Amino acid sequence: MKNSKIFWLLSLVLVLSAFLAACGGNDDEDTGTEKPEGNETAGEPDADQVLNLMESAEIPTMDISLAEDAVAFNIFNNVNEGLFRLNKENVAEPALADGEPTVSEDGLTYTFKLRDSNWSDGTPVTANDFVYSWQRSIDPATGSPYGAYMMAGSIVNATEIAAGEMEPTELGVTAVDDNTLEVQLERPVPYFMSLMSFPTFYPQNEAFISEKGDAYASNSDNLIFNGPFTLTDWDGTGLTWKMQKNPEYWDAETVKLETINVDVVKEPATAVNLYNSGEKDRAGLAGEFARQYANDENLVTDLEPTLFYFKLNQERNGEKNALANVHIRKAIAQGFNKQDLVDVVLANGSLPANYLVPTEFSFDENNADFRDVNGDLIEFNAEEAAEHWAMGLEELGVEEVTLEILGGDTETAKNMDAYLKDQLETNLEGLTINLKAVPFGVRLELDEAQDYDIQTAGWGPDYQDPMTFIDLFVTGSAQNKMSYSNSEYDALVESAKGELATDPAGRWEAMAKAEKILLADDAAIAPIYQRGAMALQQPYVNDIIKHPFGGDFSYKWAYISGK
Amino acid sequence: MAKYIGKRLIYMIITLALIATFTFFLMKILPGSPVASADKLSPEQRAVVEARYGLDKPLPMQYFDYMFGLVQGDLGISINQFKGADVTDVILSRMGPSAQIGFQGMVLGTVLGILLGMIAALRQNTWIDYTSTFVAIVGISIPSFVFASLLQYWFGLKWDLFPVALWKDGFMSSVLPSVALAMFPLATAARFIRTEMIEVLGSDYITLAKAKGASGSEIAFKHAFRNALIPLITVLGPMAVAILTGSLVVEQIFAIPGIGEQFVKSIMVNDFAIIMGTTIFFSVFLIVIILLVDILYGVIDPRIRLSGGKN
């Protein structure tokens, strides 16, 4: 029984630790007492430039043509580069392109001059690398999820090639010479520059890919890079990888970080523990943790361009309902307090939304936010809501209305919908709300069948332009399964896509007008909030830039100072 | 013995074939598509992708293709988790950490559990016994992920004795996850050994041994313990299962590149080849453990004869 003492000790420690932990559950905020002193203003970069990060999932693929997930796009944004790149202000600026392109008068032909830049093996990046890459992505044989999605309808022949009716070589992109790329568009695309910063439009090295064959992109040894960093120590399926500064990058002198160590950590609590232990420099906060660390001095909040709103279905299962009445819709859209919702219920840095096109998302040629044009369109106002409600009931000739809110089955969604039910029932007399929480897949089915009254929906952008939101509610759109139809709205969207495409100011105005019709006049949807994301970030980390679309973050400008 | 094992091997193969078949068809009725962003693909592109993974063939054909590959040791190709990666490679690369923490947890738990159970039995109805029973109850009733979180918080973050998470510091990284996994086998073994030993200690032959003048330790180890082991071995199989299922969560909490966590994800995203590969891998593991347990019976207690009648 020599072991018995050790054994007793061990079991005692285990049992005690269980109790101690149970008692001390709420003092997490103290765990960072040994955190380095925060530097109020960013100082000189340290000698040691190592950033330690976490991802929430493995990399499914590093093949640019096949990538479709946030993790891969985020890495591409840092290890590769396209003609343009979103800068610190999230405006697309020339990257591999040597200045702005020449655009033909009809807005259909773009000619890009390329700057001198190299692949990580020292060979030059040429115009043909773009031609090869785009053709590879649009070729149906590649099975690229984003190829056709991003190119069809914009680049000449993309739609036909994706449908297998034409050869990929007929795509409207040609290498005039090694340093000149010409792109033919089917229609003017005003946000074309921001598309050029999207990974699907990055160049790919044909010689390298042919040489590697099936092994291409299977691990970091079988990849080639042209961005600020190179990917290393990735075995193809593992939970860990690194990014190292790429000496061949054309703007290498801007890049200060030498190494970025990334580990996949799927458990939010573990991520926070690793952050608190000092092992990691940044940890995303989900759910309960956002609330717990809401007052932490190292909290960083990023506003995302994702909007959540009520879809107000005017015709359930083919029959008009109360929501077909504009006063009823306005009453609902104005009948709940959004500020309290984001402050108390969500508590994750989200903003109340009185608009469709998110704030800090799209900018005109003078870098003015689209939001500045229209401002707030439909705000919380209990009195006005009650007035509209009374008018609506009168027009309908009823005294009571029962509506159903169809929502998600996550904890956050349920909390939010319960709050909204309470708000609406309190502010609108005679309204009864039934809540229906279902998994995402079921919600899609009910949406498709238009079998709901009110639905909480969300939308994130596909490209950096108000149109990615405004386009959703034209008559017959796949996202407009709520029988909303306004010919004036449709005409404005059509003109913004068509004749106004080469008139930035007129186009901007048309989209603003459309947004006003949708919300202020018709209250077709009821915006709720624009999503925020919270993270803890060590005070010595500077200039990690969060982007609204494409890869989430740029580390090109990031540096360590005062660690 | 050889005949018995031979027969068992045949049963094992049949069992595996049934499991593979059952899983295959169950998997096919999962809602959703294995092509992650099917909505973004044009019909032509989707056809190409489906043809690449053989998803365009009729279901029976897909089944025969899969089984034919399986017989040759080919577990197929991951569709969306790791586009194009060989499932055998994925499993092999993920198996190491899972096996290590699983094995360590099992050994640690069983050994400590046996000791705990023995002490409790030999000191029946003393405070030692009560404490050990308490530990056993705690170990059984609190799930491994709770232990994992507590261990991580106290031993990793607060006291800085072991890495908080991640698989980077060799053996040190495996300590906390192993301990978390050990709690269940520890508690189970302690309970079983205590009960069995108390029963054995009260039986006639122990009284006889005592009368013959056998020493306390001789009685405890040579007679009582050996007999108490048999029921414990019976539960080793289910315990291995518990370790496996427990490891899914423990791996996730400690961010260990293990296979359990991979399995769960593959089901969420309909990655057919990985679902099949890991199911088969787990099944083989369990079936082999059950066989080993059965063989162990005979080794420990000669009264149990495997092939029946070959005395």
# chains A, B, ... in the order shown; residues from 1 in each chain; ligands from 1
>>> residues_around(residues="segment 21-25 of chain B", least_positions_apart="3", cutoff="10 Å", atoms="only C-alpha atoms", output="JSON, numbers by chain")
{"B": [15, 16, 17, 18, 28, 29, 30, 59, 60, 62, 63, 64, 66, 67, 272, 273, 275, 276, 279, 280]}
>>> interface_residues(of="chain A", to="chain B", cutoff="8 Å", atoms="only C-alpha atoms", output="JSON, numbers by chain")
{"A": [4, 7, 11, 15, 17, 18, 21, 31, 59, 60, 61, 68, 140, 141, 142, 143, 144, 145, 146, 148, 149, 162, 163, 164, 218, 236, 237, 238, 239, 263, 264, 265, 266, 267, 269, 270, 273, 274, 276, 277]}
>>> select_by_dssp(residues="segment 113-149 of chain B", states="alpha helix (DSSP H)", output="ChimeraX atom specification")
/B:113-122,127-141,144-149
>>> atom_distance(atom1="atom CA of Phe145 of chain B", atom2="atom CA of Val250 of chain B")
5.7 Å
>>> atom_distance(atom1="atom CA of Arg291 of chain A", atom2="atom CA of Ala413 of chain A")
15.7 Å
>>> residues_around(residues="Lys88 of chain A", least_positions_apart="5", cutoff="12 Å", atoms="only C-alpha atoms", output="PyMOL selection string")
chain A and resi 93+543-548+553-558
>>> residues_around(residues="segment 229-238 of chain B", least_positions_apart="5", cutoff="8 Å", atoms="only C-alpha atoms", output="PyMOL selection string")
chain B and resi 189+192-193+196+286+289-290+293+296-297+300-301
>>> residues_around(residues="Pro439 of chain A", least_positions_apart="3", cutoff="12 Å", atoms="only C-alpha atoms", output="list of chain:residue names")
A:Leu406, A:Gly407, A:Gly408, A:Asp409, A:Thr410, A:Glu411, A:Ala413, A:Lys414, A:Lys436, A:Val442, A:Arg443, A:Leu444, A:Glu445, A:Leu446
>>> write_last_selection(atoms="all heavy atoms", output="compact mmCIF listing (two decimals), in the first residue's frame")
# COMPACT_ATOMS: atom_id res chain seq x y z
N LEU A 406 -41.26 33.52 -36.67
CA LEU A 406 -40.47 32.33 -36.96
C LEU A 406 -39.01 32.70 -36.75
O LEU A 406 -38.51 33.65 -37.36
CB LEU A 406 -40.72 31.91 -38.42
CG LEU A 406 -39.87 30.79 -38.99
CD1 LEU A 406 -40.16 29.48 -38.29
CD2 LEU A 406 -40.12 30.65 -40.48
N GLY A 407 -38.33 31.97 -35.88
CA GLY A 407 -36.95 32.33 -35.60
C GLY A 407 -36.05 31.12 -35.43
O GLY A 407 -36.50 29.98 -35.53
N GLY A 408 -34.78 31.39 -35.16
CA GLY A 408 -33.79 30.33 -34.99
C GLY A 408 -33.92 29.64 -33.65
O GLY A 408 -34.63 30.11 -32.76
N ASP A 409 -33.23 28.50 -33.49
CA ASP A 409 -33.33 27.76 -32.24
C ASP A 409 -32.10 27.90 -31.36
O ASP A 409 -31.91 27.15 -30.42
CB ASP A 409 -33.63 26.29 -32.53
CG ASP A 409 -32.51 25.63 -33.30
OD1 ASP A 409 -31.63 26.36 -33.81
OD2 ASP A 409 -32.50 24.40 -33.42
N THR A 410 -31.23 28.88 -31.67
CA THR A 410 -30.08 29.08 -30.80
C THR A 410 -30.53 29.90 -29.59
O THR A 410 -31.57 30.54 -29.62
CB THR A 410 -28.96 29.86 -31.52
OG1 THR A 410 -29.46 31.16 -31.85
CG2 THR A 410 -28.52 29.16 -32.79
N GLU A 411 -29.69 29.86 -28.57
CA GLU A 411 -30.03 30.55 -27.33
C GLU A 411 -30.22 32.04 -27.59
O GLU A 411 -31.19 32.65 -27.14
CB GLU A 411 -28.89 30.31 -26.31
CG GLU A 411 -29.33 30.24 -24.88
CD GLU A 411 -30.55 29.36 -24.66
OE1 GLU A 411 -30.62 28.21 -25.15
OE2 GLU A 411 -31.46 29.86 -24.01
N ALA A 413 -30.98 33.57 -30.40
CA ALA A 413 -32.17 33.82 -31.21
C ALA A 413 -33.42 33.74 -30.35
O ALA A 413 -34.33 34.57 -30.46
CB ALA A 413 -32.24 32.82 -32.36
N LYS A 414 -33.47 32.75 -29.48
CA LYS A 414 -34.65 32.58 -28.63
C LYS A 414 -34.81 33.75 -27.66
O LYS A 414 -35.92 34.26 -27.47
CB LYS A 414 -34.55 31.28 -27.83
CG LYS A 414 -34.86 30.04 -28.65
CD LYS A 414 -34.83 28.84 -27.73
CE LYS A 414 -34.91 27.55 -28.47
NZ LYS A 414 -34.54 26.43 -27.61
N LYS A 436 -42.08 30.73 -32.76
CA LYS A 436 -41.80 29.41 -33.32
C LYS A 436 -40.30 29.33 -33.59
O LYS A 436 -39.79 30.00 -34.49
CB LYS A 436 -42.59 29.25 -34.62
CG LYS A 436 -42.52 27.87 -35.25
CD LYS A 436 -43.56 27.81 -36.35
CE LYS A 436 -43.52 26.54 -37.16
NZ LYS A 436 -44.60 26.54 -38.17
N VAL A 442 -34.99 23.92 -41.30
CA VAL A 442 -36.45 23.98 -41.32
C VAL A 442 -36.92 25.39 -41.67
O VAL A 442 -37.89 25.58 -42.42
CB VAL A 442 -37.02 23.56 -39.94
CG1 VAL A 442 -38.53 23.67 -39.91
CG2 VAL A 442 -36.56 22.16 -39.59
N ARG A 443 -36.20 26.36 -41.14
CA ARG A 443 -36.58 27.75 -41.42
C ARG A 443 -36.49 28.03 -42.92
O ARG A 443 -37.36 28.69 -43.49
CB ARG A 443 -35.67 28.70 -40.64
CG ARG A 443 -36.45 29.87 -40.09
CD ARG A 443 -35.56 30.76 -39.28
NE ARG A 443 -34.70 31.54 -40.14
CZ ARG A 443 -33.51 31.97 -39.77
NH1 ARG A 443 -33.05 31.70 -38.57
NH2 ARG A 443 -32.79 32.70 -40.58
N LEU A 444 -35.44 27.52 -43.54
CA LEU A 444 -35.30 27.71 -44.99
C LEU A 444 -36.48 27.11 -45.73
O LEU A 444 -37.00 27.71 -46.67
CB LEU A 444 -33.99 27.07 -45.49
CG LEU A 444 -32.71 27.78 -45.11
CD1 LEU A 444 -31.51 27.10 -45.76
CD2 LEU A 444 -32.74 29.26 -45.50
N GLU A 445 -36.91 25.94 -45.28
CA GLU A 445 -38.05 25.29 -45.94
C GLU A 445 -39.32 26.12 -45.78
O GLU A 445 -40.07 26.31 -46.74
CB GLU A 445 -38.28 23.90 -45.34
CG GLU A 445 -37.47 22.82 -46.02
CD GLU A 445 -37.60 21.48 -45.31
OE1 GLU A 445 -38.70 21.17 -44.82
OE2 GLU A 445 -36.59 20.76 -45.26
N LEU A 446 -39.56 26.59 -44.54
CA LEU A 446 -40.77 27.39 -44.29
C LEU A 446 -40.71 28.71 -45.05
O LEU A 446 -41.72 29.22 -45.52
CB LEU A 446 -40.93 27.65 -42.78
CG LEU A 446 -41.24 26.40 -41.94
CD1 LEU A 446 -41.19 26.73 -40.46
CD2 LEU A 446 -42.63 25.87 -42.30
>>> select_by_dssp(residues="segment 263-443 of chain A", states="strand (DSSP E or B)", output="JSON, numbers by chain")
{"A": [263, 264, 282, 283, 284, 285, 299, 300, 301, 302, 303, 304, 305, 306, 307, 308, 309, 310, 311, 312, 315, 316, 319, 320, 351, 352, 363, 369, 401, 402, 403, 404, 405, 406, 407, 431, 432, 433, 434, 435, 436, 437]}
>>> closest_residue(among="A:Ala72, A:Ala271, A:Asp490, A:Asp364", to="Gly476 of chain A", atoms="only C-alpha atoms")
A:Asp490
>>> residues_around(residues="segment 417-427 of chain A", least_positions_apart="3", cutoff="8 Å", atoms="only C-alpha atoms", output="VMD selection string")
chain A and resid 332 335 to 337 341 345 382 385 to 386 405 407 413 to 414 430 to 435
>>> residues_around(residues="Gly122 of chain A", least_positions_apart="2", cutoff="12 Å", atoms="only C-alpha atoms", output="VMD selection string")
chain A and resid 116 to 120 124 to 125 205 224 to 226 246 to 250
>>> write_last_selection(atoms="N, CA and C atoms", output="JSON list (two decimals), in the first residue's frame")
[["chain", "number", "residue", "atom", "x", "y", "z"],
["A", 116, "ASP", "N", 5.76, 45.06, -60.69],
["A", 116, "ASP", "CA", 6.72, 43.96, -60.63],
["A", 116, "ASP", "C", 6.56, 43.28, -59.28],
["A", 117, "SER", "N", 6.18, 42.03, -59.30],
["A", 117, "SER", "CA", 6.06, 41.29, -58.04],
["A", 117, "SER", "C", 6.38, 39.83, -58.30],
["A", 118, "ASN", "N", 6.71, 39.14, -57.23],
["A", 118, "ASN", "CA", 7.18, 37.76, -57.38],
["A", 118, "ASN", "C", 6.34, 36.77, -56.59],
["A", 119, "TRP", "N", 6.37, 35.54, -57.07],
["A", 119, "TRP", "CA", 5.89, 34.42, -56.27],
["A", 119, "TRP", "C", 6.95, 34.11, -55.22],
["A", 120, "SER", "N", 6.58, 33.31, -54.23],
["A", 120, "SER", "CA", 7.54, 33.04, -53.15],
["A", 120, "SER", "C", 8.76, 32.25, -53.63],
["A", 124, "PRO", "N", 8.40, 35.70, -61.43],
["A", 124, "PRO", "CA", 7.49, 36.85, -61.45],
["A", 124, "PRO", "C", 6.01, 36.46, -61.57],
["A", 125, "VAL", "N", 5.16, 37.29, -61.00],
["A", 125, "VAL", "CA", 3.72, 37.13, -61.19],
["A", 125, "VAL", "C", 3.38, 37.83, -62.50],
["A", 205, "ASN", "N", -0.41, 30.14, -60.02],
["A", 205, "ASN", "CA", 0.80, 29.86, -60.78],
["A", 205, "ASN", "C", 0.65, 28.54, -61.54],
["A", 224, "ILE", "N", 2.22, 27.83, -53.16],
["A", 224, "ILE", "CA", 3.09, 28.94, -53.54],
["A", 224, "ILE", "C", 2.34, 30.24, -53.22],
["A", 225, "PHE", "N", 3.09, 31.27, -52.84],
["A", 225, "PHE", "CA", 2.43, 32.47, -52.31],
["A", 225, "PHE", "C", 2.93, 33.73, -53.00],
["A", 226, "ASN", "N", 2.11, 34.77, -52.94],
["A", 226, "ASN", "CA", 2.58, 36.07, -53.45],
["A", 226, "ASN", "C", 2.12, 37.20, -52.55],
["A", 246, "ASN", "N", 6.91, 36.97, -45.87],
["A", 246, "ASN", "CA", 7.36, 36.56, -47.21],
["A", 246, "ASN", "C", 8.33, 37.59, -47.76],
["A", 247, "PRO", "N", 9.63, 37.23, -47.81],
["A", 247, "PRO", "CA", 10.62, 38.22, -48.26],
["A", 247, "PRO", "C", 10.43, 38.61, -49.73],
["A", 248, "GLU", "N", 9.71, 37.78, -50.48],
["A", 248, "GLU", "CA", 9.52, 38.07, -51.91],
["A", 248, "GLU", "C", 8.34, 39.03, -52.14],
["A", 249, "TYR", "N", 7.57, 39.31, -51.11],
["A", 249, "TYR", "CA", 6.39, 40.17, -51.27],
["A", 249, "TYR", "C", 6.82, 41.58, -51.69],
["A", 250, "TRP", "N", 6.11, 42.15, -52.65],
["A", 250, "TRP", "CA", 6.54, 43.45, -53.21],
["A", 250, "TRP", "C", 6.56, 44.55, -52.15]]
